[in-house]
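Student: Enclosed is the structure file structure31.csv (CSV, C-alpha atoms).
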```csv
chain,number,residue,atom,x,y,z
A,11,MET,CA,-23.8,20.4,26.2
A,12,LYS,CA,-21.8,18.1,24.0
A,13,CYS,CA,-22.3,17.2,20.3
A,14,GLN,CA,-24.0,13.8,20.2
A,15,VAL,CA,-22.1,13.0,17.0
A,16,CYS,CA,-18.5,13.8,17.7
A,17,GLY,CA,-18.3,14.9,21.3
A,18,ARG,CA,-17.4,18.6,20.8
A,19,THR,CA,-19.2,21.4,22.4
A,20,ALA,CA,-22.7,21.7,20.8
A,21,THR,CA,-24.0,25.0,19.7
A,22,GLY,CA,-27.7,24.0,19.7
A,23,VAL,CA,-30.1,21.5,18.3
A,24,HIS,CA,-29.5,21.2,14.6
A,25,TYR,CA,-31.8,19.2,12.3
A,26,GLY,CA,-33.3,17.6,15.4
A,27,VAL,CA,-30.0,16.6,17.2
A,28,SER,CA,-27.8,18.4,19.7
A,29,ALA,CA,-24.7,19.0,17.5
A,30,CYS,CA,-21.8,21.3,16.9
A,31,GLU,CA,-21.5,23.6,13.9
A,32,GLY,CA,-19.0,21.3,12.2
A,33,CYS,CA,-21.4,18.2,12.3
A,34,LYS,CA,-24.3,20.4,11.3
A,35,ALA,CA,-22.5,21.6,8.2
A,36,PHE,CA,-21.1,18.1,7.5
A,37,TYR,CA,-24.6,16.6,7.5
A,38,ARG,CA,-26.1,19.4,5.4
A,39,ARG,CA,-23.4,19.1,2.7
A,40,ILE,CA,-23.8,15.4,2.3
A,41,VAL,CA,-27.6,15.6,2.1
A,42,GLU,CA,-27.6,18.5,-0.4
A,43,ASN,CA,-24.9,17.1,-2.6
A,44,ASP,CA,-26.1,13.4,-2.3
A,45,THR,CA,-22.5,12.4,-1.5
A,46,LYS,CA,-21.7,8.7,-0.8
A,47,TYR,CA,-18.8,7.6,1.4
A,48,THR,CA,-17.5,4.1,2.1
A,49,CYS,CA,-15.9,2.9,5.4
A,50,ASN,CA,-12.7,0.9,4.9
A,51,PHE,CA,-12.8,-0.5,8.4
A,52,GLN,CA,-16.0,-2.5,8.4
A,53,LYS,CA,-17.9,0.4,10.1
A,54,ALA,CA,-15.9,-0.1,13.3
A,55,CYS,CA,-14.6,3.4,13.5
A,56,VAL,CA,-14.7,5.4,16.8
A,57,MET,CA,-16.2,8.8,16.6
A,58,LYS,CA,-13.6,11.5,17.5
A,59,PRO,CA,-13.7,15.3,17.4
A,60,ARG,CA,-11.2,15.3,14.6
A,61,ALA,CA,-10.1,13.0,11.8
A,62,CYS,CA,-13.0,10.5,12.0
A,63,CYS,CA,-14.3,8.4,9.2
A,64,ARG,CA,-16.8,10.3,7.1
A,65,ALA,CA,-19.0,7.3,6.3
A,66,CYS,CA,-19.3,6.4,10.0
A,67,ARG,CA,-19.8,10.0,10.9
A,68,PHE,CA,-22.8,10.3,8.5
A,69,ASP,CA,-24.2,7.0,9.7
A,70,ARG,CA,-24.0,8.3,13.3
A,71,CYS,CA,-26.0,11.5,12.2
A,72,VAL,CA,-28.7,9.3,10.6
A,73,GLU,CA,-28.7,6.9,13.6
A,74,LEU,CA,-29.3,9.8,16.0
A,75,GLY,CA,-32.2,11.0,13.9
A,76,MET,CA,-30.9,14.0,12.0
A,77,ARG,CA,-33.2,15.2,9.3
A,78,ILE,CA,-32.8,18.2,7.0
A,79,HIS,CA,-36.1,19.7,8.2
A,80,GLY,CA,-35.4,19.2,11.9
A,81,VAL,CA,-36.0,21.8,14.5
A,82,LYS,CA,-33.2,24.3,15.4
A,83,VAL,CA,-33.2,26.0,18.7
A,84,LYS,CA,-30.6,28.0,20.8
A,85,SER,CA,-28.3,28.2,17.8
A,86,LYS,CA,-25.1,30.3,18.2
A,87,THR,CA,-24.3,30.7,14.6
A,88,PRO,CA,-20.8,32.3,14.2
A,89,GLU,CA,-20.2,35.0,11.6
A,90,ARG,CA,-19.6,33.8,8.1
A,91,SER,CA,-15.9,33.0,7.6
A,92,GLU,CA,-14.0,33.7,4.5
A,93,ILE,CA,-13.1,31.1,2.0
A,94,ALA,CA,-9.4,30.7,1.2
A,95,ILE,CA,-8.5,28.9,-2.0
A,96,GLN,CA,-5.2,27.1,-1.9
A,97,THR,CA,-3.4,25.3,-4.7
A,98,ASP,CA,-2.2,21.9,-3.8
A,99,SER,CA,-0.6,19.4,-6.2
A,100,HIS,CA,-2.0,15.9,-5.6
A,101,THR,CA,0.1,13.9,-8.0
A,102,LEU,CA,3.7,14.0,-9.0
A,103,ASP,CA,3.3,15.8,-12.3
A,104,ALA,CA,-0.3,16.9,-12.2
A,105,PRO,CA,-1.1,20.6,-12.5
A,106,ASN,CA,-2.0,22.5,-9.3
A,107,ALA,CA,-5.6,21.8,-8.2
A,108,ILE,CA,-8.0,24.0,-6.2
A,109,HIS,CA,-8.2,23.1,-2.5
A,110,VAL,CA,-10.8,25.0,-0.5
A,111,VAL,CA,-10.1,25.6,3.2
A,112,PRO,CA,-12.6,27.5,5.5
A,113,THR,CA,-10.9,29.6,8.2
A,114,ALA,CA,-12.1,32.1,10.7
A,115,SER,CA,-9.7,34.9,9.6
A,116,GLY,CA,-9.1,34.1,6.0
A,117,ALA,CA,-5.7,32.5,6.7
A,118,ILE,CA,-4.8,29.1,5.2
A,119,VAL,CA,-5.0,26.5,7.9
A,120,HIS,CA,-2.4,24.1,6.5
A,121,THR,CA,0.2,23.9,3.8
A,122,GLY,CA,-0.4,20.5,2.3
A,123,ASN,CA,2.9,19.2,3.5
A,124,GLU,CA,1.6,16.4,5.6
A,125,TYR,CA,-1.1,13.8,5.5
A,126,ILE,CA,-4.2,15.1,7.4
A,127,PRO,CA,-7.9,14.5,6.7
A,128,GLU,CA,-10.2,17.4,6.2
A,129,VAL,CA,-10.9,19.1,9.6
A,130,ASP,CA,-14.2,20.6,10.4
A,131,HIS,CA,-13.7,23.8,12.5
A,132,SER,CA,-16.3,25.0,14.8
A,133,SER,CA,-16.6,28.2,12.7
A,134,GLU,CA,-17.6,26.3,9.6
A,135,THR,CA,-21.2,26.9,8.5
A,136,SER,CA,-23.5,25.6,5.9
A,137,PHE,CA,-23.2,28.6,3.6
A,138,ARG,CA,-20.0,27.1,2.1
A,139,SER,CA,-21.7,25.1,-0.6
A,140,ARG,CA,-24.1,28.1,-1.5
A,141,LYS,CA,-21.2,30.6,-1.8
A,142,LEU,CA,-19.0,28.5,-4.0
A,143,GLY,CA,-21.7,27.4,-6.3
A,144,GLY,CA,-22.4,24.1,-7.9
A,145,PHE,CA,-19.3,23.3,-9.9
A,146,LEU,CA,-16.7,24.7,-7.5
A,147,ASN,CA,-18.4,23.1,-4.5
A,148,ARG,CA,-18.5,19.7,-6.1
A,149,TYR,CA,-14.9,20.0,-7.3
A,150,SER,CA,-13.6,21.1,-3.9
A,151,GLU,CA,-15.5,18.2,-2.3
A,152,MET,CA,-13.9,15.8,-4.8
A,153,LEU,CA,-10.4,17.0,-4.0
A,154,ASN,CA,-11.0,16.9,-0.2
A,155,ASN,CA,-12.5,13.4,-0.5
A,156,ASN,CA,-9.6,12.2,-2.6
A,157,ARG,CA,-7.0,13.6,-0.2
A,158,TYR,CA,-8.9,12.0,2.8
A,159,GLN,CA,-9.1,8.6,1.0
A,160,ARG,CA,-5.3,8.7,0.3
A,161,TRP,CA,-4.7,9.4,4.0
A,162,LEU,CA,-6.9,6.5,5.0
A,163,THR,CA,-5.1,4.2,2.6
A,164,VAL,CA,-1.7,5.1,4.1
A,165,GLN,CA,-3.2,4.3,7.6
A,166,ALA,CA,-4.6,1.0,6.4
A,167,VAL,CA,-1.3,-0.1,4.8
A,168,GLU,CA,0.6,0.8,7.9
A,169,HIS,CA,-1.9,-1.1,10.1
A,170,ALA,CA,-1.7,-4.2,7.8
A,171,VAL,CA,2.1,-4.2,8.0
A,172,ASP,CA,1.9,-3.9,11.7
A,173,VAL,CA,-0.5,-6.8,12.1
A,174,VAL,CA,1.0,-9.1,9.5
A,175,PHE,CA,4.7,-8.4,9.5
A,176,SER,CA,5.8,-6.4,12.5
A,177,GLN,CA,7.0,-9.4,14.6
A,178,GLN,CA,8.9,-11.0,11.8
A,179,ILE,CA,10.5,-7.7,10.8
A,180,ALA,CA,11.6,-7.0,14.3
A,181,GLN,CA,13.1,-10.5,14.6
A,182,TRP,CA,15.0,-10.2,11.3
A,183,THR,CA,16.2,-6.6,12.2
A,184,HIS,CA,17.6,-7.8,15.5
A,185,PHE,CA,19.2,-10.8,13.8
A,186,MET,CA,20.8,-8.7,11.1
A,187,ASN,CA,22.1,-6.2,13.6
A,188,ARG,CA,23.6,-9.0,15.7
A,189,ALA,CA,25.0,-11.0,12.8
A,190,ALA,CA,26.1,-8.3,10.3
A,191,ASN,CA,27.1,-5.5,12.6
A,192,HIS,CA,28.5,-7.4,15.6
A,193,GLY,CA,29.8,-10.6,14.0
A,194,GLN,CA,27.5,-12.9,16.0
A,195,ALA,CA,26.3,-15.1,13.1
A,196,PRO,CA,25.2,-18.6,14.3
A,197,HIS,CA,27.3,-21.6,13.3
A,198,GLN,CA,24.3,-24.0,13.0
A,199,PRO,CA,26.2,-27.3,13.2
A,200,GLU,CA,22.9,-29.2,13.4
A,201,THR,CA,21.8,-27.9,10.0
A,202,SER,CA,21.8,-30.3,7.0
A,203,LEU,CA,20.5,-30.0,3.5
A,204,GLY,CA,17.4,-31.9,4.4
A,205,THR,CA,16.5,-29.8,7.5
A,206,MET,CA,17.2,-26.6,5.5
A,207,LEU,CA,14.9,-27.7,2.7
A,208,ALA,CA,12.1,-28.5,5.2
A,209,ALA,CA,12.6,-25.1,6.8
A,210,LEU,CA,12.4,-23.4,3.4
A,211,HIS,CA,9.1,-25.2,2.6
A,212,TYR,CA,7.8,-24.0,5.9
A,213,HIS,CA,8.9,-20.5,5.3
A,214,ASN,CA,7.4,-20.3,1.8
A,215,ARG,CA,4.0,-21.6,3.1
A,216,ASP,CA,4.2,-19.0,5.9
A,217,SER,CA,5.0,-16.3,3.4
A,218,VAL,CA,2.1,-17.2,1.2
A,219,ALA,CA,-0.3,-17.0,4.2
A,220,ARG,CA,1.2,-13.6,5.2
A,221,SER,CA,0.9,-12.2,1.7
A,222,ARG,CA,-2.8,-13.3,1.6
A,223,LYS,CA,-3.6,-11.7,4.9
A,224,PHE,CA,-1.8,-8.5,4.0
A,225,ALA,CA,-3.7,-8.3,0.7
A,226,SER,CA,-7.0,-8.9,2.4
A,227,MET,CA,-6.5,-5.9,4.7
A,228,LEU,CA,-5.9,-3.4,1.8
A,229,PRO,CA,-8.6,-0.9,1.0
A,230,GLY,CA,-10.4,-2.0,-2.2
A,231,MET,CA,-9.6,-5.7,-2.0
A,232,GLY,CA,-13.1,-6.4,-0.8
A,233,GLU,CA,-14.5,-5.1,-4.1
A,234,LEU,CA,-12.8,-7.8,-6.2
A,235,GLU,CA,-14.1,-11.3,-6.9
A,236,GLY,CA,-12.5,-14.2,-5.2
A,237,SER,CA,-10.7,-15.6,-8.3
A,238,VAL,CA,-9.2,-12.2,-9.0
A,239,LYS,CA,-8.1,-11.8,-5.4
A,240,ARG,CA,-6.3,-15.1,-5.6
A,241,SER,CA,-4.6,-14.1,-8.8
A,242,LEU,CA,-3.0,-11.1,-7.2
A,243,ILE,CA,-0.7,-13.0,-4.9
A,244,VAL,CA,0.5,-15.9,-7.1
A,245,GLY,CA,3.0,-16.4,-9.9
A,246,TRP,CA,5.4,-13.6,-10.7
A,247,LYS,CA,3.6,-11.3,-8.3
A,248,TRP,CA,4.4,-13.6,-5.4
A,249,LEU,CA,8.1,-13.7,-6.5
A,250,ALA,CA,8.0,-9.9,-6.5
A,251,PHE,CA,6.4,-9.9,-3.1
A,252,TRP,CA,9.1,-12.2,-1.7
A,253,MET,CA,11.9,-9.9,-2.9
A,254,LEU,CA,10.2,-6.7,-1.8
A,255,HIS,CA,9.6,-8.2,1.7
A,256,HIS,CA,13.1,-9.7,2.1
A,257,SER,CA,15.1,-6.9,0.4
A,258,PRO,CA,15.6,-4.7,3.5
A,259,PHE,CA,17.5,-7.6,5.1
A,260,LEU,CA,20.1,-7.7,2.3
A,261,THR,CA,23.4,-6.1,3.3
A,262,ARG,CA,27.0,-6.6,2.4
A,263,GLY,CA,26.2,-9.3,-0.1
A,264,GLU,CA,24.2,-11.4,2.3
A,265,PHE,CA,20.6,-12.0,3.3
A,266,TYR,CA,20.0,-11.9,7.1
A,267,VAL,CA,16.7,-13.7,7.4
A,268,THR,CA,15.8,-16.8,9.5
A,269,ILE,CA,13.4,-19.4,8.4
A,270,GLY,CA,11.5,-22.4,9.7
A,271,PRO,CA,10.4,-23.3,13.3
A,272,GLN,CA,14.1,-23.6,14.2
A,273,GLN,CA,14.8,-20.2,12.8
A,274,PHE,CA,17.8,-21.3,10.7
A,275,TRP,CA,19.8,-18.6,9.0
A,276,TYR,CA,19.1,-18.9,5.2
A,277,CYS,CA,22.4,-17.6,4.1
A,278,ARG,CA,24.0,-17.5,0.6
A,279,TYR,CA,25.8,-20.8,1.2
A,280,TRP,CA,22.5,-22.7,1.6
A,281,GLN,CA,20.8,-20.7,-1.2
A,282,ASP,CA,23.4,-21.8,-3.7
A,283,LYS,CA,23.1,-25.4,-2.4
A,284,ILE,CA,19.3,-25.5,-3.1
A,285,SER,CA,18.8,-23.3,-6.1
A,286,GLU,CA,20.9,-22.4,-9.2
A,287,PRO,CA,23.5,-19.7,-8.3
A,288,HIS,CA,22.6,-17.6,-11.3
A,289,LEU,CA,19.0,-17.4,-10.0
A,290,ASN,CA,20.3,-16.3,-6.6
A,291,ALA,CA,22.5,-13.7,-8.3
A,292,PHE,CA,19.5,-12.3,-10.1
A,293,ILE,CA,17.6,-12.0,-6.8
A,294,TYR,CA,20.5,-10.4,-5.0
A,295,LYS,CA,20.9,-7.9,-7.8
A,296,PHE,CA,17.2,-7.0,-8.0
A,297,CYS,CA,17.0,-6.6,-4.2
A,298,GLY,CA,20.1,-4.5,-4.1
A,299,GLU,CA,18.8,-2.1,-6.7
A,300,LEU,CA,15.5,-2.0,-4.8
A,301,ASN,CA,17.4,-1.0,-1.6
A,302,ASP,CA,19.2,1.7,-3.6
A,303,ILE,CA,15.9,3.5,-4.1
A,304,GLY,CA,15.9,4.3,-0.4
A,305,LEU,CA,12.2,3.6,0.4
A,306,ASN,CA,11.1,3.5,4.0
A,307,GLN,CA,8.8,0.7,5.3
A,308,THR,CA,5.5,2.3,4.5
A,309,GLU,CA,6.7,3.2,1.0
A,310,THR,CA,8.0,-0.3,0.4
A,311,TYR,CA,4.6,-1.9,1.2
A,312,LEU,CA,2.8,0.7,-0.8
A,313,LEU,CA,5.0,-0.3,-3.7
A,314,LEU,CA,4.1,-3.9,-3.0
A,315,ALA,CA,0.4,-2.9,-3.3
A,316,VAL,CA,1.1,-1.2,-6.6
A,317,VAL,CA,2.7,-4.3,-8.0
A,318,MET,CA,-0.1,-6.5,-6.6
A,319,PHE,CA,-2.9,-4.5,-8.3
A,320,GLU,CA,-1.0,-4.3,-11.6
A,321,PRO,CA,-3.7,-5.5,-14.1
A,322,SER,CA,-1.7,-8.3,-15.8
A,323,ALA,CA,-3.1,-9.8,-19.0
A,324,GLU,CA,-2.8,-13.4,-17.6
A,325,ILE,CA,-5.4,-12.7,-14.9
A,326,GLY,CA,-8.1,-13.2,-17.4
A,327,SER,CA,-10.6,-11.3,-15.4
A,328,PRO,CA,-13.9,-9.8,-16.7
A,329,ASN,CA,-13.8,-6.3,-18.1
A,330,ASN,CA,-15.4,-4.8,-15.0
A,331,GLU,CA,-12.8,-6.5,-12.8
A,332,CYS,CA,-10.1,-5.2,-15.0
A,333,ARG,CA,-11.4,-1.7,-14.6
A,334,LEU,CA,-11.4,-2.1,-10.8
A,335,LEU,CA,-7.8,-3.3,-10.9
A,336,GLN,CA,-6.9,-0.3,-13.0
A,337,LEU,CA,-8.5,2.0,-10.6
A,338,LEU,CA,-6.8,0.4,-7.6
A,339,HIS,CA,-3.5,0.3,-9.3
A,340,ARG,CA,-3.8,4.0,-10.1
A,341,HIS,CA,-4.9,4.8,-6.6
A,342,TYR,CA,-2.0,3.1,-4.9
A,343,THR,CA,0.4,4.6,-7.4
A,344,ASP,CA,-1.0,8.1,-6.5
A,345,VAL,CA,-0.7,7.4,-2.8
A,346,LEU,CA,2.9,6.2,-3.2
A,347,PHE,CA,4.0,9.2,-5.1
A,348,ASP,CA,2.2,11.5,-2.7
A,349,VAL,CA,4.0,10.0,0.3
A,350,LEU,CA,7.3,10.3,-1.6
A,351,LYS,CA,6.6,14.0,-2.2
A,352,GLN,CA,6.0,14.6,1.5
A,353,ARG,CA,9.3,12.9,2.4
A,354,CYS,CA,11.7,14.1,-0.2
A,355,PRO,CA,13.3,17.4,0.9
A,356,ASP,CA,13.4,18.9,-2.6
A,357,ARG,CA,12.5,18.3,-6.2
A,358,VAL,CA,16.0,17.1,-7.1
A,359,SER,CA,15.7,14.3,-4.5
A,360,LEU,CA,12.2,13.4,-5.6
A,361,ASN,CA,13.3,13.2,-9.3
A,362,ALA,CA,16.2,11.0,-8.4
A,363,THR,CA,13.9,8.7,-6.5
A,364,CYS,CA,11.4,8.6,-9.4
A,365,ARG,CA,14.1,7.7,-11.8
A,366,LYS,CA,15.1,4.8,-9.6
A,367,LEU,CA,11.5,3.6,-9.4
A,368,GLU,CA,11.3,3.8,-13.2
A,369,ARG,CA,14.2,1.4,-13.4
A,370,PHE,CA,12.5,-0.8,-10.8
A,371,PHE,CA,9.4,-1.1,-12.9
A,372,CYS,CA,11.5,-2.0,-15.9
A,373,GLY,CA,13.1,-4.7,-13.8
A,374,LEU,CA,9.7,-6.1,-13.1
A,375,LYS,CA,9.5,-7.2,-16.7
A,376,GLN,CA,12.5,-9.4,-16.1
A,377,VAL,CA,10.8,-10.8,-13.0
A,378,HIS,CA,7.8,-11.6,-15.1
A,379,ARG,CA,10.0,-13.2,-17.8
A,380,LEU,CA,12.0,-15.2,-15.3
A,381,TYR,CA,9.0,-16.6,-13.6
A,382,TYR,CA,7.3,-17.8,-16.8
A,383,ARG,CA,10.4,-19.0,-18.6
A,384,TYR,CA,12.4,-20.4,-15.7
A,385,ILE,CA,10.7,-20.9,-12.3
A,386,ARG,CA,7.6,-22.5,-13.7
A,387,ALA,CA,9.9,-25.0,-15.5
A,388,ILE,CA,11.8,-26.0,-12.3
A,389,ASP,CA,11.6,-29.8,-11.6
A,390,ILE,CA,10.7,-29.8,-7.9
A,391,ASN,CA,10.9,-33.6,-7.9
A,392,ARG,CA,14.5,-33.5,-8.9
A,393,GLU,CA,16.6,-35.4,-6.4
A,394,VAL,CA,19.8,-33.7,-7.4
A,395,LEU,CA,20.4,-30.2,-6.0
A,396,PRO,CA,20.6,-27.4,-6.8
A,397,LEU,CA,17.1,-27.4,-8.5
A,398,ARG,CA,17.2,-26.5,-12.1
A,399,ALA,CA,14.6,-25.7,-14.8
A,400,SER,CA,14.1,-28.0,-17.8
A,401,LYS,CA,11.8,-28.6,-20.7
A,402,GLY,CA,11.6,-31.6,-22.9
A,403,GLY,CA,14.8,-33.0,-21.2
A,404,THR,CA,16.7,-29.8,-22.0
A,405,THR,CA,18.1,-27.7,-19.2
A,406,ILE,CA,17.1,-24.1,-19.2
A,407,SER,CA,19.5,-21.6,-17.7
A,408,VAL,CA,18.6,-18.3,-16.0
A,409,LEU,CA,20.4,-16.4,-18.7
A,410,ASP,CA,18.5,-18.2,-21.4
A,411,ALA,CA,15.2,-17.4,-19.7
A,412,LEU,CA,16.0,-13.8,-19.4
A,413,HIS,CA,17.4,-13.2,-22.9
A,414,ARG,CA,15.8,-15.7,-25.3
A,415,ASP,CA,13.6,-14.4,-28.0
A,416,GLU,CA,10.0,-13.7,-27.1
A,417,GLU,CA,8.4,-15.9,-29.8
A,418,ASP,CA,10.5,-18.9,-28.7
A,419,THR,CA,9.5,-18.8,-25.1
A,420,ALA,CA,6.3,-16.9,-24.7
A,421,HIS,CA,5.1,-19.2,-21.9
A,422,LEU,CA,6.4,-22.5,-20.6
A,423,SER,CA,3.5,-24.7,-19.8
```
Before anything else, please render the file you have as structure tokens.

Tutor:
Amino acid sequence: MKCQVCGRTATGVHYGVSACEGCKAFYRRIVENDTKYTCNFQKACVMKPRACCRACRFDRCVELGMRIHGVKVKSKTPERSEIAIQTDSHTLDAPNAIHVVPTASGAIVHTGNEYIPEVDHSSETSFRSRKLGGFLNRYSEMLNNNRYQRWLTVQAVEHAVDVVFSQQIAQWTHFMNRAANHGQAPHQPETSLGTMLAALHYHNRDSVARSRKFASMLPGMGELEGSVKRSLIVGWKWLAFWMLHHSPFLTRGEFYVTIGPQQFWYCRYWQDKISEPHLNAFIYKFCGELNDIGLNQTETYLLLAVVMFEPSAEIGSPNNECRLLQLLHRHYTDVLFDVLKQRCPDRVSLNATCRKLERFFCGLKQVHRLYYRYIRAIDINREVLPLRASKGGTTISVLDALHRDEEDTAHLS
């Protein structure tokens, strides 16, 4: 007889439904503690014996008719297992927190060195909440829920990257390997300044569409109002997105990305023809320093989410929306540093990575300043290239925008 909830071997009819010990204990804990879970995948999760969505698992219990006063027959209740209390640091500098893991023999079932959701073992019984008591039980549930949510966030970000960017990333990776490593860069004799400008406009529109789709797939985005959602992927944050997304394809002083329907190589030669060389030098420097951090693909797009949810003052959102942004920003920051902790082999390596990230966040201030003082002032109708910024007939240089006094150039309107 199989468990109607998850498919494992059932141990009897618990609360009116044929179920295993794990699902029995899971349902009882939620009902007794009045715990609420939210599905991040529109309630489309597939029930599996392990690592299934808690919200969908509970909904499945309710759908099948489980009730706390249901009839129980033919139960094969195992002996009470021991409770092992394990310390597990959940944030970079946070003190050790209590993490409760039930086992059959009293041994710890995992070390906290990998991302796994809470696993319900067949030996788990409903005595757990009674033995721990109110406070410790609620605290252990909070820690387990937090860890599980971080794991779901990592999965969601990786899925979003796969859906939105995987084909483009694979294409650029192949092109960079062929052009940079094997000297097979295209000559592009058919390319002119006009065709490259058209390709760049096409590429930027495509990048905006991709950034919006990526953002829409992130857990928590659905909780925000429409105007706030739109504000997260425009302005200086879109500039940061562009550099984060393109930086892995910068090597040996050159970007290896292709743009437009014709897939032209947008190399440094054409970049300096279209935009001011000092602006390109800033972008190359910023992307080079980002590459020096040594983030992998998942970490790069988690960092993008951290930047995206940064509660900037110019968003002008209501107080409740600002609080949501702060929570999301903190959550994605926690997830990023947790992932880094799992990857870095030792604390020395982790500290070095964190110092580089600190410099990156300081560099974001310059991105913010550059956008408001320079890029917003670029005259896109200017017929003479490269495009330059100006205000009141006076040309603004990139160096002026980055280093002029705050009170003189707070915002260029």

Student: Taking all atoms listed in the file into account, which of A:Cys71, A:Phe36, A:Cys16, A:Leu335 comes nearest Val56 of chain A?

Tutor: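 Distance minimum relative to Val56 of chain A lands on A:Cys16.
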
Student: Interatomic distance between atom CA of His288 of chain A and atom CA of Ala399 of chain A?

Tutor: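 Rounded to one decimal, the two atoms are 11.9 Å apart.
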
Student: So what do you get for atom CA of Pro396 of chain A versus atom CA of Gln178 of chain A, distance-wise?

Tutor: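 Between atom CA of Pro396 of chain A and atom CA of Gln178 of chain A the gap works out to 27.4 Å.
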
Student: When you look at Ser400 of chain A with a cut-off of 7 Å (counting all atoms listed in the file), what residues show up, excluding the ones that are within fewer than 3 positions of it in the same chain? I need them as a PyMOL selection string.

Tutor: chain A and resi 387-389+403-406

Student: Find the residue from A:Leu300, A:Ile269, A:Ala209, A:Leu228 that sits nearest to Trp182 of chain A; use only C-alpha atoms when measuring.

Tutor: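 Of all the options, A:Ile269 lies closest to Trp182 of chain A.
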
Student: To one decimal place, how far is atom CA of Ile78 of chain A from atom CA of Cys66 of chain A in Å?

Tutor: 18.2 Å

Student: Between A:Gly232, A:Gly373, A:Gly402, A:Gly270, single out the one closest to Tyr212 of chain A, counting all atoms listed in the file.

Tutor: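 Looking only at the distances to Tyr212 of chain A, the closest residue turns out to be A:Gly270.
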
Student: If you take all atoms listed in the file and a cut-off of 9 Å, which residues of segment 337-363 of chain A touch segment 163-167 of chain A, and what are their nearest atom pairs and distances in Å to one decimal, in chain and number order, as a tab-separated table?

Tutor:
```
residue	atom	partner	partner_atom	distance
A:Tyr342	CA	A:Thr163	CA	8.2
A:Val345	CA	A:Val164	CA	7.3
A:Leu346	CA	A:Val164	CA	8.7
A:Val349	CA	A:Val164	CA	8.4
```

Student: With only C-alpha atoms as the atoms that count, which of A:Val317, A:Ile40, A:Ile390, A:Ile293 lies nearest to Glu151 of chain A?

Tutor: A:Ile40

Student: May I have the residues within 12 Å of segment 189-202 of chain A as a PyMOL selection string, using only C-alpha atoms and disregarding those fewer than 4 positions away in the same chain?

Tutor: chain A and resi 182-185+206-209+259-268+270+272-277+279-280+283-284
